[in-house]
>>> print(open('run23.cif').read())   # mmCIF, C-alpha atoms
data_my_file
#
loop_
_atom_site.label_atom_id
_atom_site.label_comp_id
_atom_site.auth_asym_id
_atom_site.auth_seq_id
_atom_site.Cartn_x
_atom_site.Cartn_y
_atom_site.Cartn_z
CA MET A 1 -34.10 92.49 -17.59
CA THR A 2 -37.39 93.01 -19.48
CA GLU A 3 -38.67 95.51 -22.04
CA ASP A 4 -41.74 97.72 -21.57
CA THR A 5 -44.26 98.54 -24.34
CA ASN A 6 -42.00 101.30 -25.66
CA GLY A 7 -39.08 98.93 -26.05
CA GLN A 8 -37.20 100.43 -23.11
CA VAL A 9 -35.16 98.08 -20.96
CA ASP A 10 -36.58 97.66 -17.45
CA GLU A 11 -33.70 96.98 -15.07
CA HIS A 12 -36.07 96.43 -12.15
CA PRO A 13 -38.33 93.46 -12.85
CA LYS A 14 -41.46 93.01 -10.80
CA GLU A 15 -40.71 91.56 -7.44
CA LYS A 16 -42.18 90.40 -4.17
CA GLN A 17 -40.53 90.85 -0.80
CA ARG A 18 -40.57 88.04 1.72
CA GLY A 19 -38.99 89.81 4.68
CA PRO A 20 -35.31 90.29 3.75
CA VAL A 21 -35.70 87.94 0.77
CA VAL A 22 -36.52 89.35 -2.68
CA LEU A 23 -38.41 87.14 -5.18
CA ARG A 24 -38.40 88.08 -8.86
CA ARG A 25 -39.89 86.79 -12.12
CA SER A 26 -41.78 83.54 -11.72
CA ARG A 27 -40.46 83.12 -8.16
CA LYS A 28 -42.61 86.03 -7.03
CA ASP A 29 -45.88 84.27 -7.87
CA GLU A 30 -46.64 82.83 -4.43
CA LEU A 31 -50.31 82.35 -3.67
CA THR A 32 -50.00 82.87 0.08
CA THR A 33 -48.11 85.15 2.46
CA THR A 34 -45.74 84.15 5.25
CA ASP A 35 -48.22 85.31 7.93
CA GLN A 36 -50.98 83.30 6.31
CA ARG A 37 -48.88 80.15 6.30
CA LEU A 38 -47.87 80.74 9.91
CA LEU A 39 -51.43 81.09 11.15
CA ASP A 40 -52.86 78.26 9.06
CA SER A 41 -52.73 75.09 11.16
CA ARG A 42 -53.70 72.84 8.28
CA GLY A 43 -51.35 71.00 5.98
CA PRO A 44 -48.40 68.62 6.38
CA ALA A 45 -45.78 69.05 9.14
CA ASP A 46 -42.79 68.62 6.87
CA TRP A 47 -42.07 72.35 7.23
CA VAL A 48 -40.21 71.55 10.47
CA HIS A 49 -37.55 69.84 8.35
CA THR A 50 -36.89 72.81 6.08
CA ASP A 51 -33.55 74.63 6.17
CA PRO A 52 -34.92 77.89 7.66
CA TRP A 53 -36.45 75.93 10.53
CA ARG A 54 -33.15 74.11 11.11
CA VAL A 55 -31.57 77.49 11.82
CA PHE A 56 -33.59 77.65 15.03
CA ARG A 57 -32.46 74.17 16.04
CA ILE A 58 -28.86 75.16 15.38
CA GLN A 59 -29.32 78.37 17.35
CA ALA A 60 -30.88 76.41 20.21
CA GLU A 61 -27.91 74.04 20.31
CA PHE A 62 -25.46 76.93 20.53
CA VAL A 63 -27.50 78.57 23.30
CA GLU A 64 -27.78 75.29 25.23
CA GLY A 65 -24.08 74.55 24.87
CA PHE A 66 -22.93 78.04 25.82
CA GLY A 67 -25.26 78.04 28.81
CA ALA A 68 -24.16 74.64 30.08
CA LEU A 69 -20.43 75.28 29.68
CA ALA A 70 -20.19 78.98 30.53
CA GLU A 71 -18.82 78.38 34.05
CA VAL A 72 -16.59 75.42 33.25
CA PRO A 73 -13.11 75.86 34.77
CA SER A 74 -9.93 75.62 32.71
CA ALA A 75 -10.32 72.47 30.64
CA VAL A 76 -8.44 70.19 28.26
CA THR A 77 -10.19 68.39 25.44
CA VAL A 78 -9.01 64.83 24.90
CA PHE A 79 -9.87 62.98 21.70
CA GLY A 80 -9.55 59.26 21.12
CA SER A 81 -11.15 56.17 19.67
CA ALA A 82 -14.56 54.95 20.77
CA ARG A 83 -13.37 51.43 19.87
CA THR A 84 -10.69 51.15 22.54
CA GLY A 85 -11.63 48.22 24.77
CA ARG A 86 -11.48 48.39 28.55
CA ASP A 87 -8.83 45.65 28.54
CA HIS A 88 -6.60 47.53 26.09
CA PRO A 89 -3.47 49.29 27.41
CA GLU A 90 -4.66 52.54 25.79
CA TYR A 91 -7.73 52.48 28.04
CA GLN A 92 -5.59 52.51 31.17
CA LEU A 93 -3.43 55.19 29.58
CA GLY A 94 -6.50 57.37 29.04
CA ARG A 95 -7.62 56.75 32.58
CA ASP A 96 -4.22 57.78 33.95
CA LEU A 97 -4.17 60.87 31.73
CA GLY A 98 -7.62 61.96 32.89
CA GLY A 99 -6.54 61.57 36.51
CA ALA A 100 -3.32 63.53 35.96
CA LEU A 101 -5.17 66.40 34.29
CA ALA A 102 -7.65 66.53 37.16
CA GLN A 103 -4.84 66.61 39.71
CA ALA A 104 -3.25 69.47 37.75
CA GLY A 105 -6.47 71.45 38.17
CA PHE A 106 -8.00 70.95 34.73
CA ALA A 107 -11.45 69.73 33.82
CA VAL A 108 -11.51 67.26 30.94
CA ILE A 109 -13.79 67.39 27.92
CA THR A 110 -14.31 64.39 25.66
CA GLY A 111 -16.83 63.30 23.09
CA GLY A 112 -18.59 61.52 25.94
CA GLY A 113 -18.65 58.12 24.26
CA PRO A 114 -17.09 54.77 25.11
CA GLY A 115 -13.49 53.63 24.61
CA ALA A 116 -10.71 56.16 25.10
CA MET A 117 -13.25 58.90 25.83
CA GLU A 118 -14.76 56.87 28.65
CA ALA A 119 -11.29 56.13 30.02
CA VAL A 120 -10.38 59.83 30.25
CA ASN A 121 -13.72 60.77 31.80
CA ARG A 122 -13.38 57.92 34.25
CA GLY A 123 -9.85 58.82 35.32
CA CYS A 124 -10.82 62.45 35.82
CA SER A 125 -13.94 61.61 37.81
CA GLU A 126 -12.13 59.10 39.99
CA ALA A 127 -9.49 61.74 40.78
CA GLY A 128 -12.18 64.20 41.88
CA GLY A 129 -12.02 66.34 38.75
CA PHE A 130 -14.77 67.80 36.58
CA SER A 131 -15.57 65.33 33.80
CA ILE A 132 -17.45 66.66 30.77
CA GLY A 133 -18.86 64.79 27.78
CA LEU A 134 -20.15 66.38 24.58
CA GLY A 135 -22.11 63.70 22.76
CA ILE A 136 -23.33 63.57 19.18
CA GLU A 137 -26.41 62.06 17.55
CA LEU A 138 -25.31 59.07 15.46
CA PRO A 139 -27.18 56.51 13.34
CA PHE A 140 -26.29 53.89 15.94
CA GLU A 141 -26.82 54.04 19.68
CA GLN A 142 -23.87 55.26 21.72
CA GLY A 143 -24.93 57.52 24.57
CA LEU A 144 -22.83 59.25 27.21
CA ASN A 145 -20.55 57.08 29.31
CA PRO A 146 -21.30 56.74 33.05
CA TRP A 147 -18.27 58.81 34.15
CA VAL A 148 -19.53 62.07 32.65
CA ASP A 149 -20.44 64.64 35.32
CA LEU A 150 -21.79 67.21 32.87
CA GLY A 151 -23.10 66.02 29.54
CA VAL A 152 -24.52 67.82 26.52
CA ASN A 153 -25.80 66.01 23.43
CA PHE A 154 -25.70 67.67 20.01
CA ARG A 155 -27.36 67.07 16.66
CA TYR A 156 -24.74 68.94 14.66
CA PHE A 157 -21.03 68.19 14.53
CA PHE A 158 -20.06 71.80 13.84
CA VAL A 159 -21.85 73.06 16.96
CA ARG A 160 -20.16 70.39 19.05
CA LYS A 161 -16.76 71.26 17.58
CA THR A 162 -17.30 74.90 18.52
CA MET A 163 -17.78 73.84 22.13
CA PHE A 164 -14.61 71.74 22.07
CA ILE A 165 -12.64 74.74 20.84
CA LYS A 166 -14.26 77.49 22.88
CA TYR A 167 -13.94 75.86 26.29
CA SER A 168 -10.50 74.22 26.02
CA GLN A 169 -6.99 75.38 26.80
CA ALA A 170 -5.36 72.48 24.95
CA PHE A 171 -6.06 69.41 22.83
CA ILE A 172 -4.61 65.99 23.51
CA CYS A 173 -5.14 63.29 20.90
CA LEU A 174 -4.97 59.67 21.97
CA PRO A 175 -4.88 57.05 19.21
CA GLY A 176 -8.11 57.30 17.23
CA GLY A 177 -9.79 57.00 13.87
CA PHE A 178 -11.37 59.36 11.36
CA GLY A 179 -13.20 61.37 14.02
CA THR A 180 -10.00 61.99 15.96
CA LEU A 181 -8.13 62.90 12.76
CA ASP A 182 -10.91 65.30 11.77
CA GLU A 183 -10.81 67.04 15.14
CA LEU A 184 -7.00 67.11 15.13
CA PHE A 185 -6.67 68.83 11.76
CA GLU A 186 -9.53 71.22 12.39
CA ALA A 187 -7.84 72.31 15.61
CA LEU A 188 -4.51 72.75 13.83
CA THR A 189 -6.15 74.82 11.08
CA LEU A 190 -7.85 77.12 13.59
CA VAL A 191 -4.63 77.63 15.52
CA GLN A 192 -2.55 78.10 12.36
CA THR A 193 -4.93 80.73 10.99
CA LYS A 194 -5.20 82.41 14.41
CA LYS A 195 -8.93 81.87 14.60
CA VAL A 196 -8.30 80.72 18.16
CA THR A 197 -5.62 81.78 20.62
CA LYS A 198 -2.61 79.56 20.20
CA PHE A 199 -2.78 76.53 22.43
CA PRO A 200 -0.91 73.23 22.30
CA VAL A 201 -1.97 70.19 20.35
CA VAL A 202 -0.46 67.06 21.85
CA LEU A 203 -0.22 63.75 20.00
CA PHE A 204 -0.04 61.12 22.71
CA GLY A 205 1.47 57.79 21.68
CA LYS A 206 4.59 57.93 19.52
CA ALA A 207 4.15 54.45 18.09
CA TYR A 208 0.73 55.44 16.76
CA TRP A 209 1.33 59.05 15.68
CA GLN A 210 4.97 59.02 14.53
CA GLY A 211 4.10 58.02 10.95
CA LEU A 212 1.64 60.89 10.61
CA TYR A 213 4.09 63.35 12.12
CA ASP A 214 6.86 62.18 9.79
CA TRP A 215 4.57 62.53 6.77
CA VAL A 216 3.65 66.10 7.71
CA ARG A 217 7.35 66.92 8.16
CA ASP A 218 8.76 65.05 5.16
CA SER A 219 5.96 65.69 2.65
CA VAL A 220 3.77 68.61 3.67
CA LEU A 221 6.50 70.77 5.19
CA ALA A 222 9.17 69.68 2.69
CA SER A 223 6.98 70.71 -0.24
CA GLY A 224 6.27 74.11 1.28
CA LYS A 225 2.60 73.50 2.06
CA VAL A 226 3.14 74.48 5.71
CA GLY A 227 5.93 76.28 7.55
CA GLU A 228 8.26 75.33 10.37
CA LYS A 229 6.05 77.22 12.83
CA ASP A 230 3.09 75.14 11.72
CA LEU A 231 4.89 71.87 12.40
CA ALA A 232 5.86 73.22 15.82
CA LEU A 233 2.17 73.35 16.74
CA LEU A 234 2.33 69.58 17.26
CA HIS A 235 3.91 68.05 20.35
CA LEU A 236 4.57 64.31 20.21
CA THR A 237 5.01 62.41 23.47
CA ASP A 238 4.62 59.14 25.33
CA ASP A 239 4.81 60.64 28.79
CA ILE A 240 1.81 61.80 30.80
CA GLU A 241 3.87 64.19 32.90
CA ASP A 242 5.28 65.73 29.73
CA ALA A 243 1.80 66.17 28.23
CA VAL A 244 0.48 67.80 31.41
CA ARG A 245 3.56 70.05 31.57
CA VAL A 246 2.96 71.28 28.02
CA VAL A 247 -0.65 72.07 28.91
CA LYS A 248 0.27 73.85 32.15
CA ASP A 249 3.04 75.91 30.54
CA ALA A 250 0.77 77.04 27.71
CA HIS A 251 -2.03 77.90 30.11
CA GLN A 252 0.33 79.87 32.34
CA ALA A 253 1.66 81.78 29.33
CA TRP A 254 -1.89 82.60 28.31
CA ALA A 255 -2.77 83.72 31.85
CA ASP A 256 0.32 85.94 32.04
CA ALA A 257 -0.63 87.58 28.76
CA HIS A 258 -4.16 88.32 29.96
#
>>> encode(input="run23.cif", output="structure tokens")
Amino acid sequence: MTEDTNGQVDEHPKEKQRGPVVLRRSRKDELTTTDQRLLDSRGPADWVHTDPWRVFRIQAEFVEGFGALAEVPSAVTVFGSARTGRDHPEYQLGRDLGGALAQAGFAVITGGGPGAMEAVNRGCSEAGGFSIGLGIELPFEQGLNPWVDLGVNFRYFFVRKTMFIKYSQAFICLPGGFGTLDELFEALTLVQTKKVTKFPVVLFGKAYWQGLYDWVRDSVLASGKVGEKDLALLHLTDDIEDAVRVVKDAHQAWADAH
């Protein structure tokens, strides 16, 4: 607030409007207008890296993703480590899982990278299914694996995660690292808070996931941080048929309700 010459308080300081944005006090003292800056071709190009400009890139990624995936059939997103070697038993497991999901009538969606993701895409493609990879820009080269039938690359993790959620009927987590854990707990949070329609989250590989499951049960649940229904969102298994059954049952329940 400022005072005028009569000592009265002015509750409305001088301002300048920049579209929906209001600038007051010293912030209002811009020497040029938005139109002028738009039409002036001179000056540095660093404006393309400003936050307002990034909004358009983000919007474009959403539009591109929605357009590419709009007609995808019922799909299951499978997460897993990019570091799983082709000679590792978990690679063959992922390959078998991808094939089983395809035979059950589901497309598969992965992060499109190597390792467990490649294995699932490969198994699905070899079984005649629809194999989808949603890649992400990283500081090191990765690229989409050769068994992706439909691939979309993203700059932003949060846009990519939206696609994983929006176009999946279930999540299956193979053994993985921080990325897999991030995607697992984000999915659980969205299901728990009913931001997405309830769908199963399967932890595949008891030897790998049992410790995490026990910790959630014995520490998080025991201390009242989650409820029994929250723990029940997780399904732990070693059996491909069991994992596919859980997905099919949940999808059928959803279809019956709609």
>>> residues_around(input="run23.cif", residues="Gly123 in chain A", least_positions_apart="4", cutoff="9 Å", atoms="all atoms listed in the file", output="number ranges by chain")
A: 92, 94-102, 118-119, 127-129, 131, 147
>>> atom_distance(input="run23.cif", atom1="CA of Ile109 in chain A", atom2="CA of Ala232 in chain A")
23.8 Å
>>> residues_around(input="run23.cif", residues="Phe185 in chain A", least_positions_apart="6", cutoff="12 Å", atoms="only C-alpha atoms", output="PyMOL selection string")
chain A and resi 79+161+171+173+178-179+191-192+201-203+212+216+230-231+233-234
>>> residues_around(input="run23.cif", residues="Val108 in chain A", least_positions_apart="3", cutoff="7 Å", atoms="only C-alpha atoms", output="ChimeraX atom specification")
/A:75-78,98,121,124,130-132
>>> write_last_selection(input="run23.cif", atoms="C-alpha atoms", output="JSON list (two decimals), in the coordinates of the input")
[["chain", "number", "residue", "atom", "x", "y", "z"],
["A", 75, "ALA", "CA", -10.32, 72.47, 30.64],
["A", 76, "VAL", "CA", -8.44, 70.19, 28.26],
["A", 77, "THR", "CA", -10.19, 68.39, 25.44],
["A", 78, "VAL", "CA", -9.01, 64.83, 24.90],
["A", 98, "GLY", "CA", -7.62, 61.96, 32.89],
["A", 121, "ASN", "CA", -13.72, 60.77, 31.80],
["A", 124, "CYS", "CA", -10.82, 62.45, 35.82],
["A", 130, "PHE", "CA", -14.77, 67.80, 36.58],
["A", 131, "SER", "CA", -15.57, 65.33, 33.80],
["A", 132, "ILE", "CA", -17.45, 66.66, 30.77]]
>>> closest_residue(input="run23.cif", among="A:Ser125, A:Pro139, A:Gly67, A:Lys229", to="Thr193 in chain A", atoms="all atoms listed in the file")
A:Lys229
>>> residues_around(input="run23.cif", residues="His251 in chain A", least_positions_apart="2", cutoff="10 Å", atoms="all atoms listed in the file", output="list of chain:residue names")
A:Ser74, A:Ala75, A:Gln169, A:Ala170, A:Phe199, A:Pro200, A:Arg245, A:Val246, A:Val247, A:Lys248, A:Asp249, A:Ala253, A:Trp254, A:Ala255, A:Asp256, A:Ala257
>>> closest_residue(input="run23.cif", among="A:Gly80, A:Pro114, A:Gly205, A:Pro89", to="Ile240 in chain A", atoms="all atoms listed in the file")
A:Gly205
>>> closest_residue(input="run23.cif", among="A:Asp242, A:Glu186, A:Asp51, A:Glu64", to="Asn153 in chain A", atoms="only C-alpha atoms")
A:Glu64
>>> axis_aligned_box(input="run23.cif", around="range 156-174 of chain A", padding_each_side="8 Å", output="AutoDock Vina command-line options")
--center_x -14.7 --center_y 68.6 --center_z 20.3 --size_x 36.1 --size_y 33.8 --size_z 29.0
>>> atom_distance(input="run23.cif", atom1="CA of Val48 in chain A", atom2="CA of Val159 in chain A")
19.5 Å
>>> atom_distance(input="run23.cif", atom1="CA of Arg83 in chain A", atom2="CA of Tyr156 in chain A")
21.5 Å
>>> resolve_selection(input="run23.cif", expression="the PyMOL selection byres ((chain A and resi 175) around 10)", output="list of chain:residue names")
A:Phe79, A:Gly80, A:Ser81, A:Thr84, A:Glu90, A:Gly94, A:Ala116, A:Ile172, A:Cys173, A:Leu174, A:Gly176, A:Gly177, A:Thr180, A:Leu181, A:Leu203, A:Phe204, A:Gly205, A:Lys206, A:Ala207, A:Tyr208, A:Trp209
>>> residues_around(input="run23.cif", residues="Val196 in chain A", least_positions_apart="5", cutoff="12 Å", atoms="only C-alpha atoms", output="compact mmCIF listing (two decimals) with C-alpha atoms, keeping the file's coordinate frame")
# COMPACT_ATOMS: atom_id res chain seq x y z
CA THR A 162 -17.30 74.90 18.52
CA PHE A 164 -14.61 71.74 22.07
CA ILE A 165 -12.64 74.74 20.84
CA LYS A 166 -14.26 77.49 22.88
CA TYR A 167 -13.94 75.86 26.29
CA SER A 168 -10.50 74.22 26.02
CA GLN A 169 -6.99 75.38 26.80
CA ALA A 170 -5.36 72.48 24.95
CA GLU A 186 -9.53 71.22 12.39
CA ALA A 187 -7.84 72.31 15.61
CA LEU A 188 -4.51 72.75 13.83
CA THR A 189 -6.15 74.82 11.08
CA LEU A 190 -7.85 77.12 13.59
CA VAL A 191 -4.63 77.63 15.52
